[in-house]
Each structure stands twice: as C-alpha cells, then as structure tokens.
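Colleague: Below you'll find the structure I mean.
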Amino acid sequence: MIGEFLMLLGAFFMFSGALGLNRAEDSFQRFHIAGKVSLFGLAIFILGDIIIYHEETSSWSFIAVLGILILLFTGPFAAHVLAQALYRQKNSKKS
C-alpha cells in the first residue's frame, strides 16, 4: 500500500517536471526543473519499489538504495555543470 502510493507520488513529480519543462522560459529554468523535480520523483519512485520488493520477499534491495544515493549526489552536480557550460557558451557569443 505504501509502496504503491510512493510510486504514484514519484510518477506525479516526474509528470509535473515534464509539464514544467514545457512551461519554462529559458534553458536555465529547464535545467533547474530537470535537476530537481525529476531526480526527486525518481528517488521517491525507487523508494516505493524498494518497499514493494521488501513486502514480497522480506529482504531489502541495497542496490536500489545505492542507486538512489548515486542519483541524489550526482544529479544536481551534472545539472550544474551543464548549466555552467550553457552560461559560458551564451557569454562567449556576446563577445
């Protein structure tokens, strides 16, 4: 029950992030939306999957927990690096 709710909540976050990407005005807003909302939604989705797996098998999936941790540590960094590259590219065209 809790696992299914978390999976629906994660899917809702990812769907709202997709709608936000469509409504964003510039590339930097898109990076912010993609970097925060989608990763948070995916982490909640995987957490729901972990709970469902535990209910069915009575064991925990530590690989999935590791996947959530890797996503939460590397996702914002990757979005920052891509946004910084976009910022430098836009500023180099003005000169």
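Letters for chains follow the order of the structure tokens (A, B, ...), residue numbers begin at 1 for each chain, and ligand numbers begin at 1 in the order shown.
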When you look at range 68-84 of chain A with a cut-off of 10 Å (counting only C-alpha atoms), what residues show up, excluding the ones that are within fewer than 5 positions of it in the same chain? I need them as a list of chain:residue names.
Modeller: A:Ser27, A:Phe28, A:Gln29, A:Arg30, A:Phe31, A:His32, A:Ile33, A:Ala34, A:Gly35, A:Lys36, A:Ser38, A:Leu39, A:Phe40, A:Leu42, A:Ala43, A:Ile44, A:Phe45, A:Ile46, A:Leu47, A:Phe62, A:Ile63, A:Gln89, A:Lys90
Colleague: With only C-alpha atoms as the basis for distance, which of A:Val37, A:Leu6, A:Leu66, A:Met1 is at the shortest distance from Ala18 in chain A?
Modeller: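 Nearest candidate to Ala18 in chain A out of A:Val37, A:Leu6, A:Leu66, A:Met1: A:Val37.
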